[in-house]
Structures are given as structure tokens and as C-alpha cells.
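Novice: The structure file upload-v1.pdb (PDB, C-alpha atoms) is provided below.
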```
ATOM      1  CA  MET S  92     135.809 114.300 111.551
ATOM      2  CA  LYS S  93     136.008 113.556 107.831
ATOM      3  CA  VAL S  94     133.921 115.247 105.124
ATOM      4  CA  ILE S  95     133.923 115.213 101.324
ATOM      5  CA  ALA S  96     134.295 118.772 100.013
ATOM      6  CA  ALA S  97     135.441 120.874  97.060
ATOM      7  CA  ASP S  98     136.670 124.462  96.860
ATOM      8  CA  ARG S  99     135.297 124.869  93.323
ATOM      9  CA  LEU S 100     132.394 123.471  91.317
ATOM     10  CA  ASP S 101     134.118 122.548  88.059
ATOM     11  CA  SER S 102     134.247 118.752  88.244
ATOM     12  CA  LEU S 103     133.120 115.889  90.444
ATOM     13  CA  ALA S 104     136.772 114.855  90.544
ATOM     14  CA  ASP S 105     137.489 118.000  92.602
ATOM     15  CA  TYR S 106     135.809 116.493  95.664
ATOM     16  CA  ARG S 107     138.254 115.240  98.278
ATOM     17  CA  GLU S 108     138.221 113.930 101.835
ATOM     18  CA  VAL S 109     139.195 116.645 104.321
ATOM     19  CA  GLU S 110     139.252 116.975 108.096
ATOM     20  CA  ARG S 111     136.963 119.392 109.885
ATOM     21  CA  PRO S 112     136.251 120.065 113.555
ATOM     22  CA  LEU S 113     133.381 118.125 115.067
ATOM     23  CA  PRO S 114     130.342 120.478 114.988
ATOM     24  CA  GLU S 115     128.469 121.174 118.207
ATOM     25  CA  PRO S 116     124.664 121.341 118.029
ATOM     26  CA  GLY S 117     123.125 124.698 118.800
ATOM     27  CA  PRO S 118     119.631 125.403 120.099
ATOM     28  CA  GLY S 119     117.053 123.363 118.207
ATOM     29  CA  GLN S 120     119.678 121.171 116.523
ATOM     30  CA  VAL S 121     120.778 117.556 116.739
ATOM     31  CA  ARG S 122     124.085 116.080 115.659
ATOM     32  CA  ILE S 123     123.815 112.889 113.634
ATOM     33  CA  ALA S 124     126.428 110.201 113.093
ATOM     34  CA  VAL S 125     125.777 109.603 109.406
ATOM     35  CA  ARG S 126     125.353 106.044 108.171
ATOM     36  CA  ALA S 127     123.924 106.644 104.678
ATOM     37  CA  VAL S 128     123.325 109.539 102.268
ATOM     38  CA  GLY S 129     120.774 109.472  99.464
ATOM     39  CA  ILE S 130     122.061 111.059  96.243
ATOM     40  CA  GLY S 131     119.751 112.550  93.612
ATOM     41  CA  TYR S 132     120.269 114.177  90.244
ATOM     42  CA  VAL S 133     119.933 117.627  91.838
ATOM     43  CA  ASP S 134     122.746 116.805  94.295
ATOM     44  CA  ALA S 135     125.043 116.168  91.341
ATOM     45  CA  LEU S 136     123.890 119.356  89.587
ATOM     46  CA  VAL S 137     124.599 121.392  92.724
ATOM     47  CA  ALA S 138     127.994 119.715  93.119
ATOM     48  CA  LEU S 139     128.836 120.809  89.563
ATOM     49  CA  GLY S 140     127.518 124.346  90.036
ATOM     50  CA  ARG S 141     124.800 123.821  87.423
ATOM     51  CA  TYR S 142     121.742 124.156  89.630
ATOM     52  CA  GLN S 143     119.652 127.329  89.761
ATOM     53  CA  VAL S 144     120.869 127.961  93.326
ATOM     54  CA  LYS S 145     124.662 127.998  93.785
ATOM     55  CA  PRO S 146     125.997 126.687  97.124
ATOM     56  CA  PRO S 147     128.615 128.531  99.172
ATOM     57  CA  LEU S 148     132.190 127.247  98.993
ATOM     58  CA  PRO S 149     133.707 124.984 100.095
ATOM     59  CA  HIS S 150     130.766 122.746  99.210
ATOM     60  CA  VAL S 151     129.919 119.467 100.942
ATOM     61  CA  PRO S 152     127.292 117.531  98.922
ATOM     62  CA  GLY S 153     124.335 115.608 100.296
ATOM     63  CA  SER S 154     120.968 116.686 101.678
ATOM     64  CA  GLU S 155     119.273 113.417 102.705
ATOM     65  CA  ILE S 156     120.823 111.405 105.511
ATOM     66  CA  ALA S 157     120.080 108.563 107.871
ATOM     67  CA  GLY S 158     122.024 107.616 110.953
ATOM     68  CA  LEU S 159     122.118 107.820 114.749
ATOM     69  CA  VAL S 160     121.654 110.854 116.959
ATOM     70  CA  ASP S 161     124.867 111.384 118.908
ATOM     71  CA  ALA S 162     124.248 114.782 120.536
ATOM     72  CA  VAL S 163     121.359 117.209 121.048
ATOM     73  CA  GLY S 164     121.339 120.953 121.491
ATOM     74  CA  ALA S 165     119.367 123.118 123.876
ATOM     75  CA  GLU S 166     115.596 123.328 123.464
ATOM     76  CA  VAL S 167     115.451 119.902 121.775
ATOM     77  CA  ALA S 168     112.867 117.466 123.113
ATOM     78  CA  GLY S 169     112.108 113.925 122.019
ATOM     79  CA  TRP S 170     115.579 113.019 120.780
ATOM     80  CA  ALA S 171     118.403 111.262 122.600
ATOM     81  CA  PRO S 172     121.783 109.815 121.620
ATOM     82  CA  GLY S 173     121.367 106.460 119.902
ATOM     83  CA  ASP S 174     117.995 107.235 118.293
ATOM     84  CA  ARG S 175     117.685 106.115 114.670
ATOM     85  CA  VAL S 176     116.894 109.112 112.482
ATOM     86  CA  LEU S 177     116.494 110.375 108.931
ATOM     87  CA  ALA S 178     116.780 114.041 108.110
ATOM     88  CA  MET S 179     117.002 116.640 105.384
ATOM     89  CA  THR S 180     119.917 118.993 105.956
ATOM     90  CA  VAL S 181     123.049 120.275 104.199
ATOM     91  CA  GLY S 182     126.550 118.833 104.018
ATOM     92  CA  GLY S 183     125.542 115.188 104.259
ATOM     93  CA  PHE S 184     128.815 113.760 102.883
ATOM     94  CA  ALA S 185     130.279 113.793 106.387
ATOM     95  CA  GLU S 186     130.848 111.490 109.326
ATOM     96  CA  GLN S 187     128.761 113.797 111.521
ATOM     97  CA  VAL S 188     126.331 116.502 110.505
ATOM     98  CA  LEU S 189     124.011 118.977 112.203
ATOM     99  CA  ALA S 190     120.312 119.084 111.371
ATOM    100  CA  PRO S 191     117.348 121.060 112.708
ATOM    101  CA  ALA S 192     115.382 118.832 115.066
ATOM    102  CA  ALA S 193     112.232 119.861 113.179
ATOM    103  CA  ALA S 194     113.690 118.340 109.978
ATOM    104  CA  CYS S 195     114.343 114.966 111.617
ATOM    105  CA  ARG S 196     112.083 111.934 111.648
ATOM    106  CA  ARG S 197     112.412 108.668 113.542
ATOM    107  CA  LEU S 198     113.562 105.806 111.326
ATOM    108  CA  PRO S 199     111.588 102.602 111.980
ATOM    109  CA  ASP S 200     113.698  99.768 113.385
ATOM    110  CA  ALA S 201     112.824  97.485 110.461
ATOM    111  CA  VAL S 202     114.100  99.993 107.858
ATOM    112  CA  ASP S 203     117.822 100.050 107.105
ATOM    113  CA  PHE S 204     119.759 103.303 106.917
ATOM    114  CA  ALA S 205     120.136 103.188 103.125
ATOM    115  CA  ALA S 206     116.367 102.960 102.625
ATOM    116  CA  GLY S 207     115.850 105.805 105.084
ATOM    117  CA  ALA S 208     118.306 108.012 103.204
ATOM    118  CA  ALA S 209     116.588 107.169  99.901
ATOM    119  CA  LEU S 210     113.188 108.391 101.071
ATOM    120  CA  PRO S 211     112.823 112.092 101.962
ATOM    121  CA  LEU S 212     113.085 114.263  98.855
ATOM    122  CA  ASN S 213     111.956 111.741  96.244
ATOM    123  CA  TYR S 214     108.902 110.672  98.197
ATOM    124  CA  LEU S 215     108.048 114.205  99.273
ATOM    125  CA  THR S 216     108.253 115.225  95.600
ATOM    126  CA  ALA S 217     105.981 112.339  94.613
ATOM    127  CA  LEU S 218     103.366 112.971  97.317
ATOM    128  CA  HIS S 219     103.318 116.749  96.793
ATOM    129  CA  GLY S 220     103.148 116.302  93.030
ATOM    130  CA  LEU S 221     100.500 113.603  92.909
ATOM    131  CA  ALA S 222      98.262 114.784  95.752
ATOM    132  CA  ASP S 223      98.649 118.574  95.816
ATOM    133  CA  ARG S 224      99.539 119.515  92.261
ATOM    134  CA  GLY S 225      97.955 116.611  90.424
ATOM    135  CA  GLY S 226      94.833 116.025  92.528
ATOM    136  CA  LEU S 227      95.226 112.269  92.070
ATOM    137  CA  LYS S 228      92.078 110.395  93.088
ATOM    138  CA  PRO S 229      91.552 106.695  93.875
ATOM    139  CA  GLY S 230      90.991 104.715  90.697
ATOM    140  CA  ALA S 231      92.636 107.341  88.452
ATOM    141  CA  THR S 232      95.226 106.325  85.878
ATOM    142  CA  LEU S 233      98.769 107.617  86.375
ATOM    143  CA  LEU S 234     101.624 107.451  83.850
ATOM    144  CA  VAL S 235     105.132 107.632  85.335
ATOM    145  CA  LEU S 236     107.962 108.473  82.933
ATOM    146  CA  GLY S 237     111.543 107.733  83.965
ATOM    147  CA  ALA S 238     109.965 105.152  86.221
ATOM    148  CA  ALA S 239     113.090 103.201  87.218
ATOM    149  CA  GLY S 240     114.944 106.116  88.824
ATOM    150  CA  GLY S 241     114.709 107.336  92.400
ATOM    151  CA  VAL S 242     111.828 109.791  91.946
ATOM    152  CA  GLY S 243     110.100 107.529  89.403
ATOM    153  CA  THR S 244     110.021 104.569  91.777
ATOM    154  CA  ALA S 245     108.761 106.894  94.504
ATOM    155  CA  ALA S 246     105.909 107.994  92.216
ATOM    156  CA  ILE S 247     104.970 104.349  91.589
ATOM    157  CA  ASP S 248     104.951 103.687  95.339
ATOM    158  CA  VAL S 249     102.964 106.799  96.230
ATOM    159  CA  GLY S 250     100.569 106.321  93.321
ATOM    160  CA  ARG S 251      99.781 102.818  94.525
ATOM    161  CA  ALA S 252      99.392 104.068  98.115
ATOM    162  CA  LEU S 253      96.856 106.585  96.765
ATOM    163  CA  SER S 254      94.981 103.727  95.007
ATOM    164  CA  ALA S 255      95.772 104.818  91.451
ATOM    165  CA  ARG S 256      96.353 102.514  88.493
ATOM    166  CA  VAL S 257     100.011 103.011  87.546
ATOM    167  CA  ILE S 258     101.497 102.706  84.059
ATOM    168  CA  ALA S 259     105.298 102.915  84.139
ATOM    169  CA  ALA S 260     107.560 103.797  81.193
ATOM    170  CA  ALA S 261     111.233 102.798  81.230
ATOM    171  CA  SER S 262     113.940 102.673  78.578
ATOM    172  CA  THR S 263     115.526  99.204  78.855
ATOM    173  CA  PRO S 264     114.305  95.639  79.428
ATOM    174  CA  GLU S 265     116.141  95.591  82.774
ATOM    175  CA  LYS S 266     114.421  98.784  83.897
ATOM    176  CA  ARG S 267     111.027  97.547  82.728
ATOM    177  CA  ALA S 268     111.427  94.302  84.672
ATOM    178  CA  PHE S 269     112.457  96.361  87.699
ATOM    179  CA  VAL S 270     109.388  98.625  87.668
ATOM    180  CA  ALA S 271     107.099  95.677  87.037
ATOM    181  CA  ALA S 272     108.512  94.045  90.164
ATOM    182  CA  ARG S 273     107.935  97.341  92.007
ATOM    183  CA  GLY S 274     104.199  96.972  91.408
ATOM    184  CA  ALA S 275     103.401  98.915  88.231
ATOM    185  CA  ASP S 276     100.110  97.712  86.753
ATOM    186  CA  ALA S 277     101.405  98.054  83.182
ATOM    187  CA  VAL S 278     104.848  98.747  81.731
ATOM    188  CA  LEU S 279     105.820 100.509  78.493
ATOM    189  CA  ASP S 280     109.044 101.079  76.588
ATOM    190  CA  THR S 281     110.133 104.603  75.620
ATOM    191  CA  GLU S 282     110.668 104.208  71.866
ATOM    192  CA  PRO S 283     108.788 107.201  70.383
ATOM    193  CA  ALA S 284     107.679 105.417  67.181
ATOM    194  CA  GLY S 285     104.204 104.005  67.808
ATOM    195  CA  TRP S 286     104.422 104.825  71.516
ATOM    196  CA  ARG S 287     101.008 106.492  71.775
ATOM    197  CA  ASP S 288      99.373 103.402  70.294
ATOM    198  CA  ARG S 289     101.080 101.188  72.885
ATOM    199  CA  LEU S 290      99.971 103.558  75.637
ATOM    200  CA  LYS S 291      96.409 103.460  74.325
ATOM    201  CA  ALA S 292      96.473  99.660  74.472
ATOM    202  CA  ALA S 293      97.762  99.774  78.064
ATOM    203  CA  LEU S 294      94.976 102.208  79.020
ATOM    204  CA  ALA S 295      92.400  99.649  77.804
ATOM    205  CA  GLY S 296      89.738 102.298  77.254
ATOM    206  CA  ALA S 297      90.360 104.299  80.434
ATOM    207  CA  PRO S 298      91.385 107.973  80.238
ATOM    208  CA  LEU S 299      94.895 109.024  81.173
ATOM    209  CA  ASP S 300      94.406 111.317  84.155
ATOM    210  CA  LEU S 301      97.912 112.273  85.208
ATOM    211  CA  VAL S 302     101.478 112.213  83.868
ATOM    212  CA  PHE S 303     104.414 112.333  86.294
ATOM    213  CA  ASP S 304     107.407 113.470  84.230
ATOM    214  CA  PRO S 305     110.921 113.840  85.680
ATOM    215  CA  VAL S 306     112.423 113.395  82.196
ATOM    216  CA  CYS S 307     110.715 115.927  79.878
ATOM    217  CA  GLY S 308     112.387 114.255  76.930
ATOM    218  CA  PRO S 309     111.099 112.863  73.621
ATOM    219  CA  LEU S 310     107.859 111.573  75.189
ATOM    220  CA  PHE S 311     106.917 114.930  76.721
ATOM    221  CA  GLU S 312     104.540 116.061  73.980
ATOM    222  CA  PRO S 313     103.213 112.555  73.088
ATOM    223  CA  ALA S 314     102.333 112.007  76.745
ATOM    224  CA  PHE S 315     100.550 115.353  77.005
ATOM    225  CA  ARG S 316      98.624 114.641  73.798
ATOM    226  CA  SER S 317      97.486 111.344  75.344
ATOM    227  CA  LEU S 318      95.868 112.964  78.392
ATOM    228  CA  GLY S 319      92.126 112.678  78.831
ATOM    229  CA  TRP S 320      89.844 115.666  79.342
ATOM    230  CA  GLY S 321      90.942 117.697  82.375
ATOM    231  CA  GLY S 322      94.185 115.775  82.753
ATOM    232  CA  ARG S 323      97.399 117.132  84.234
ATOM    233  CA  HIS S 324     101.013 116.749  83.180
ATOM    234  CA  LEU S 325     103.411 117.243  86.102
ATOM    235  CA  VAL S 326     106.820 118.711  85.260
ATOM    236  CA  ILE S 327     109.301 117.349  87.816
ATOM    237  CA  GLY S 328     112.662 117.879  86.108
ATOM    238  CA  PHE S 329     114.661 117.773  82.919
ATOM    239  CA  VAL S 330     116.997 114.806  82.966
ATOM    240  CA  GLY S 331     116.036 114.114  79.333
ATOM    241  CA  GLY S 332     118.235 116.906  77.960
ATOM    242  CA  PRO S 333     117.092 120.197  76.344
ATOM    243  CA  ILE S 334     113.942 121.661  77.887
ATOM    244  CA  PRO S 335     111.016 120.943  75.536
ATOM    245  CA  ALA S 336     108.212 123.286  74.469
ATOM    246  CA  LEU S 337     104.494 122.579  74.121
ATOM    247  CA  PRO S 338     102.087 124.129  71.575
ATOM    248  CA  ALA S 339      99.760 126.379  73.562
ATOM    249  CA  ASN S 340      96.647 125.072  71.817
ATOM    250  CA  LEU S 341      97.023 121.589  73.335
ATOM    251  CA  PRO S 342      96.013 122.547  76.909
ATOM    252  CA  LEU S 343      93.044 124.439  75.446
ATOM    253  CA  MET S 344      91.775 121.534  73.348
ATOM    254  CA  LYS S 345      92.039 119.049  76.194
ATOM    255  CA  GLY S 346      91.069 121.280  79.102
ATOM    256  CA  ALA S 347      94.384 120.010  80.473
ATOM    257  CA  ALA S 348      97.112 121.600  82.569
ATOM    258  CA  LEU S 349     100.896 121.615  82.490
ATOM    259  CA  THR S 350     101.831 121.877  86.154
ATOM    260  CA  GLY S 351     105.208 122.450  87.803
ATOM    261  CA  VAL S 352     106.319 120.560  90.908
ATOM    262  CA  ASP S 353     109.175 122.178  92.867
ATOM    263  CA  VAL S 354     109.701 120.451  96.192
ATOM    264  CA  ARG S 355     112.369 122.955  97.287
ATOM    265  CA  GLN S 356     109.950 125.869  97.059
ATOM    266  CA  PHE S 357     107.123 123.750  98.499
ATOM    267  CA  GLN S 358     109.192 123.327 101.657
ATOM    268  CA  LEU S 359     110.110 127.011 101.637
ATOM    269  CA  PHE S 360     106.607 128.466 101.139
ATOM    270  CA  GLU S 361     104.465 125.729 102.726
ATOM    271  CA  PRO S 362     106.591 124.286 105.546
ATOM    272  CA  ALA S 363     103.635 123.024 107.602
ATOM    273  CA  ALA S 364     102.191 121.134 104.629
ATOM    274  CA  ALA S 365     105.614 119.677 103.774
ATOM    275  CA  ALA S 366     106.096 118.530 107.370
ATOM    276  CA  ALA S 367     102.656 116.899 107.390
ATOM    277  CA  HIS S 368     103.467 115.063 104.140
ATOM    278  CA  LEU S 369     106.721 113.805 105.626
ATOM    279  CA  ASP S 370     104.824 112.493 108.660
ATOM    280  CA  THR S 371     102.399 110.708 106.330
ATOM    281  CA  LEU S 372     105.275 109.120 104.434
ATOM    282  CA  LEU S 373     106.924 107.890 107.631
ATOM    283  CA  ALA S 374     103.632 106.360 108.751
ATOM    284  CA  TRP S 375     103.335 104.616 105.382
ATOM    285  CA  LEU S 376     106.944 103.442 105.660
ATOM    286  CA  ALA S 377     106.366 101.980 109.130
ATOM    287  CA  ALA S 378     103.216 100.223 107.895
ATOM    288  CA  GLY S 379     104.964  98.783 104.830
ATOM    289  CA  ARG S 380     102.806 100.727 102.347
ATOM    290  CA  ILE S 381     105.888 102.200 100.653
ATOM    291  CA  ASP S 382     109.335 100.683 100.145
ATOM    292  CA  PRO S 383     112.132 103.041  99.005
ATOM    293  CA  ALA S 384     114.066 101.587  96.085
ATOM    294  CA  VAL S 385     117.724 101.676  97.073
ATOM    295  CA  GLY S 386     119.941 101.668  94.005
ATOM    296  CA  PRO S 387     123.698 101.069  93.963
ATOM    297  CA  ARG S 388     125.437 101.457  97.309
ATOM    298  CA  PHE S 389     128.780 103.244  97.149
ATOM    299  CA  ALA S 390     131.573 103.104  99.697
ATOM    300  CA  TRP S 391     132.946 106.314 101.186
ATOM    301  CA  ALA S 392     136.026 106.171  98.960
ATOM    302  CA  ASP S 393     133.797 105.978  95.867
ATOM    303  CA  HIS S 394     132.034 109.305  96.503
ATOM    304  CA  ALA S 395     132.833 110.682  93.033
ATOM    305  CA  ALA S 396     131.391 107.582  91.372
ATOM    306  CA  ALA S 397     128.275 107.957  93.518
ATOM    307  CA  LEU S 398     127.724 111.517  92.307
ATOM    308  CA  GLU S 399     128.434 110.459  88.721
ATOM    309  CA  ALA S 400     125.824 107.690  88.988
ATOM    310  CA  ALA S 401     123.218 110.182  90.206
ATOM    311  CA  PHE S 402     124.112 112.588  87.396
ATOM    312  CA  ALA S 403     123.947 109.889  84.702
ATOM    313  CA  GLY S 404     120.486 108.766  85.831
ATOM    314  CA  ARG S 405     120.964 105.166  84.752
ATOM    315  CA  SER S 406     120.585 103.515  88.157
ATOM    316  CA  LEU S 407     117.723 101.287  89.193
ATOM    317  CA  GLY S 408     116.468 103.153  92.247
ATOM    318  CA  LYS S 409     118.373 105.849  94.139
ATOM    319  CA  PRO S 410     122.163 105.773  94.593
ATOM    320  CA  VAL S 411     123.274 105.806  98.235
ATOM    321  CA  LEU S 412     126.641 106.629  99.812
ATOM    322  CA  ILE S 413     127.406 104.388 102.780
ATOM    323  CA  VAL S 414     129.213 106.164 105.612
ATOM    324  CA  GLY S 415     130.941 104.414 108.508
TER     325      GLY S 415
END
```
Could you write out this structure as C-alpha cells?
Specialist:
Amino acid sequence: MKVIAADRLDSLADYREVERPLPEPGPGQVRIAVRAVGIGYVDALVALGRYQVKPPLPHVPGSEIAGLVDAVGAEVAGWAPGDRVLAMTVGGFAEQVLAPAAACRRLPDAVDFAAGAALPLNYLTALHGLADRGGLKPGATLLVLGAAGGVGTAAIDVGRALSARVIAAASTPEKRAFVAARGADAVLDTEPAGWRDRLKAALAGAPLDLVFDPVCGPLFEPAFRSLGWGGRHLVIGFVGGPIPALPANLPLMKGAALTGVDVRQFQLFEPAAAAAHLDTLLAWLAAGRIDPAVGPRFAWADHAAALEAAFAGRSLGKPVLIVG
């Protein structure tokens, strides 16, 4: 079978197609014929060796896949060859990949493989962040920064599913039109000058309860300063460049909290809760309550461009590599 791999983590151009033996599923595993791989900013960071956890070499990128079960190992119940599946695993840039059966979920027939591959980590991040870390309640007001990207669109979707009022901030007219079409109740630009006044107008007298921030860029402190009493600012990531700092008196004056959201450690330390969230998301997906925003679709031969798109963070929705 073919995989995309690199023996070093210096450049995305180092990744090449190589042949590997077809893996056989062990106990508790399924083998999946991959049809699509979702690609996030963290996937690109890992591929470049810049993430906090370094992968073993040779490295095969990709952790979110959708496809068809083509073999099952011992002690696996409920799965059979031909079943449509999405999964979180390792080494997703491959024609076939192994995944723990416990990490697999059935992909609804009406959902294409690209949408399935775009769902797991972004939507799990959004649901864990908004519900667990942010305590988002129905009727609350949520501000999503970086709203046009994969995790930003997931936060809009999940916020709406949790009956919040969603204000989305995006940097270009194209991105703002995109998030408006995704269902944001109000849309803002990201020009810092006068931004808090424009946010105040969008709030229309309501307090800002929660900020979902995968950017942590120039609007980090202005957004925190705009929180209402008891608000929370969720730190998701740092695609905005240098990591910002916050004066320690601001949380005190507002009774507000700066709260980290790390979906990798959530799955590690709270696996039962993470699995329950994933089940909730699949139920919402089947019912049409959420709709993963698939960004550009890249052919197998364009794998380096796919990783570059995820690293640049300029896509509308989540980049997806199409396999097979």
C-alpha cells in the first residue's frame, strides 16, 4: 500500500509517497480503507517537528480519517467490511490504516467522507471547550475569533447547537460572508482600531459571556476586556503568531477567567467524557444539527500543498486530503 511519509521533520517538501506492507489488524483494531483525511494546523506543526510532542520517524501525517472498514481484528464486535466509518488514529496519509475500534464511529450514509474527516478533532475541541471549560448556557453570547477556519466554524456550529447567540470575527470580506452563511448571528471584522466599539454595537446591550479564541493574536486582550462579569476567555491555540500576555488585574476586575482548552489531554485524562462527546456529535451530525465545513479538497499528489494550506490557516473551513 502507499503512504505519505518523511524521514525528517525539516520541511513539508520532505514528504514523499512510499510503499509499505498492508497492516493486519490486531485484537481490538479495525483496518480502514481511507477515503479522506482532515488536516488541521496541529497536523502541519507535527509534520514540521514544531509541536510540543515530537512524532517518531518516519512520520506519516494525519489523525482524522473517514473511509470503509476492510478488515477487523479479534475481539471486535459491531464492525464489518464495507461499513462507513470515521476515526481518530495515527498515520492517516495512507491507503489503509489501523485504528482502535473504540476510536471509530459510524459515518451516516448522507454524510460524505470529506465531511466525516473534517469533524472529529475540531468539533470535539469546540464541544469540550464550550460545554466543559466554558460552561456555555442557552441564550448566552459567544464570540468566535478566527471564525472561518476549521475549529472556528466548528465553534459556530456547536454554539448554535447549544442555543447560544454567536458573534463571529473574521479577517476578510470573503471570510465574513462565509461565516454569515454558516449561521453566525452577527459578524465582525478584525481590524483592531475601534474594534471594541463595533463589538459593543453587535452585543446590543447584552453581556459577552464567552470568547472562543484559536488565534490569540491582536484581538486577544481587547476581547478579554470586553467580557461581562464572570465571563470566560477560552485559549484554543496560537495561530496568530507570538503568544500574547494578559495583565493579571483584568481577570480580577471582571471576575473573569482565562481558560485553556487542550483536546489532546482531554482525551488522555478523560477518555470516557471524550467518547461521550463524540457520540453526541455523531448524533447531531445524523440529525443535521451540525454540518462540518469542508474547505479545499486536495488530491493525493498534492499532499504537500494540503499541509501548507493547513499551516497557513487561510482556508474557508478545514482542508481535506482525498484518498483513492
Novice: Looking at only C-alpha atoms, which of S:Arg99, S:Ala127, S:Gly117, S:Val94 is the one that sits closest to Gly182 of chain S?
Specialist: S:Val94
Novice: Quick one: contact table of segment 155-204 of chain S to segment 367-388 of chain S, 9 Å max, nearest atom pair and distance in Å to one decimal per residue, counting only C-alpha atoms, chain and number order, as JSON lines?
Specialist:
```
{"residue": "S:Arg196", "atom": "CA", "partner": "S:Leu373", "partner_atom": "CA", "distance": 7.7}
{"residue": "S:Arg197", "atom": "CA", "partner": "S:Leu373", "partner_atom": "CA", "distance": 8.1}
{"residue": "S:Leu198", "atom": "CA", "partner": "S:Leu373", "partner_atom": "CA", "distance": 7.9}
{"residue": "S:Pro199", "atom": "CA", "partner": "S:Ala377", "partner_atom": "CA", "distance": 6.0}
{"residue": "S:Asp200", "atom": "CA", "partner": "S:Ala377", "partner_atom": "CA", "distance": 8.8}
{"residue": "S:Ala201", "atom": "CA", "partner": "S:Ala377", "partner_atom": "CA", "distance": 8.0}
{"residue": "S:Val202", "atom": "CA", "partner": "S:Ala377", "partner_atom": "CA", "distance": 8.1}
```
Novice: What separation in Å, quoted to one decimal, exists between atom CA of Glu186 of chain S and atom CA of Val125 of chain S?
Specialist: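 Separation between atom CA of Glu186 of chain S and atom CA of Val125 of chain S: 5.4 Å.
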Novice: Output as a tab-separated table one row per residue of segment 300-348 of chain S within 12 Å of segment 287-290 of chain S: the closest atom pair and its distance in Å to one decimal place, counting all atoms listed in the file, sorted by chain and residue number ascending.
Specialist:
```
residue	atom	partner	partner_atom	distance
S:Leu310	CA	S:Arg287	CA	9.2
S:Phe311	CA	S:Arg287	CA	11.4
S:Glu312	CA	S:Arg287	CA	10.4
S:Pro313	CA	S:Arg287	CA	6.6
S:Ala314	CA	S:Arg287	CA	7.5
S:Phe315	CA	S:Arg287	CA	10.3
S:Arg316	CA	S:Arg287	CA	8.7
S:Ser317	CA	S:Arg287	CA	7.0
S:Leu318	CA	S:Arg287	CA	10.6
```
Novice: Which protein, DNA or RNA residues have an atom at most 10 Å from (96.3, 120.4, 75.6), counting only C-alpha atoms? List them as number ranges by chain.
Specialist: S: 312, 315-324, 337-349
Novice: Name the closest residue to Ala217 of chain S among the candidates S:Ala397, S:Val121, S:Leu294, S:Leu253; distances are taken between atoms, counting all atoms listed in the file.
Specialist: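 When distances to Ala217 of chain S are compared using all atoms listed in the file, the smallest one comes from S:Leu253.
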Novice: I'd like to know which of S:Lys409, S:Ala97, S:Val137, S:His219 is closest to Gln358 of chain S, using only C-alpha atoms.
Specialist: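 Nearest to Gln358 of chain S: S:His219.
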Novice: Measuring atom to atom with all atoms listed in the file, identify which of S:Ala178, S:Ala363, S:Leu218, S:Ala190 is nearest to Val249 of chain S.
Specialist: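 Checking each of S:Ala178, S:Ala363, S:Leu218, S:Ala190 against Val249 of chain S, counting all atoms listed in the file, the winner is S:Leu218.
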Novice: Hey, what's within 7 Å of Phe204 of chain S if we count all atoms listed in the file and toss same-chain stuff fewer than 5 positions away? As a VMD selection string, please?
Specialist: chain S and resid 126 to 127 157 to 158
Novice: Would you work out the distance separating atom CA of Ala208 of chain S from atom CA of Leu279 of chain S, expressed in Å to one decimal?
Specialist: 28.7 Å
Novice: Residues picked by the PyMOL selection byres ((chain S and resi 260) around 6) here, as a list of chain:residue names?
Specialist: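 When the PyMOL selection byres ((chain S and resi 260) around 6) is applied to the shown file, the picked residues are S:Leu236, S:Ala238, S:Ala259, S:Ala261, S:Val278, S:Leu279, S:Asp280.
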Novice: What gap, in Å, lies between atom CA of Gly169 of chain S and atom CA of Gln187 of chain S?
Specialist: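 If I compute the distance from atom CA of Gly169 of chain S to atom CA of Gln187 of chain S, I get 19.7 Å.
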Novice: Could you give me, as a PyMOL selection string, the residues that sit within 7 Å of (121.0, 109.2, 100.3) in the file's coordinates, counting all atoms listed in the file?
Specialist: chain S and resi 127-130+155-156+205+208-209+410-412
Novice: Would you output that residue set with C-alpha atoms, as a CSV table (one decimal), in the frame of the given file?
Specialist:
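Wrote it out as selection02.csv, contents follow:
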```csv
chain,number,residue,atom,x,y,z
S,127,ALA,CA,123.9,106.6,104.7
S,128,VAL,CA,123.3,109.5,102.3
S,129,GLY,CA,120.8,109.5,99.5
S,130,ILE,CA,122.1,111.1,96.2
S,155,GLU,CA,119.3,113.4,102.7
S,156,ILE,CA,120.8,111.4,105.5
S,205,ALA,CA,120.1,103.2,103.1
S,208,ALA,CA,118.3,108.0,103.2
S,209,ALA,CA,116.6,107.2,99.9
S,410,PRO,CA,122.2,105.8,94.6
S,411,VAL,CA,123.3,105.8,98.2
S,412,LEU,CA,126.6,106.6,99.8
```
Novice: Which residues come within 7 Å of segment 163-167 of chain S, counting only C-alpha atoms, excluding same-chain residues fewer than 6 positions away, as a count of residues only?
Specialist: 8
Novice: Have a look at S:Leu359, S:Gly241, S:Ala284, S:Phe402 and name the one nearest to Gly331 of chain S; count only C-alpha atoms.
Specialist: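 Of S:Leu359, S:Gly241, S:Ala284, S:Phe402, the one nearest Gly331 of chain S, counting only C-alpha atoms, is S:Phe402.
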Novice: Would you list the contacts of Asp161 of chain S as a list in words, taking every protein, DNA or RNA residue within 7 Å and counting only C-alpha atoms, but skipping same-chain residues closer than 2 positions in sequence?
Specialist: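 Those residues are Arg122, Ile123, Ala124, Leu159, Pro172 and Gly173 of chain S.
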Novice: Save the residues we just selected, C-alpha atoms, as a tab-separated table (two decimals), in the coordinates of the input?
Specialist:
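Result file out.tsv:
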```tsv
chain	number	residue	atom	x	y	z
S	122	ARG	CA	124.08	116.08	115.66
S	123	ILE	CA	123.82	112.89	113.63
S	124	ALA	CA	126.43	110.20	113.09
S	159	LEU	CA	122.12	107.82	114.75
S	172	PRO	CA	121.78	109.82	121.62
S	173	GLY	CA	121.37	106.46	119.90
```
Novice: Using the file's own x, y and z axes, so that the box edges lie along x, y and z, what centre and edge lengths in Å (one decimal) does a box around every listed atom of segment 136-139 of chain S get when 4 Å is added on each side? Give it as JSON.
Specialist:
```
{"center_x": 126.4, "center_y": 120.4, "center_z": 91.3, "size_x": 12.9, "size_y": 10.0, "size_z": 11.6}
```
Novice: Applying the PyMOL selection byres ((chain S and resi 184) around 6) to the file I just gave you, which residues come out? Please list them as a list of chain:residue names.
Specialist: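 After applying the PyMOL selection byres ((chain S and resi 184) around 6), what remains is S:Val94, S:Ile95, S:Pro152, S:Gly153, S:Gly182, S:Gly183, S:Ala185.
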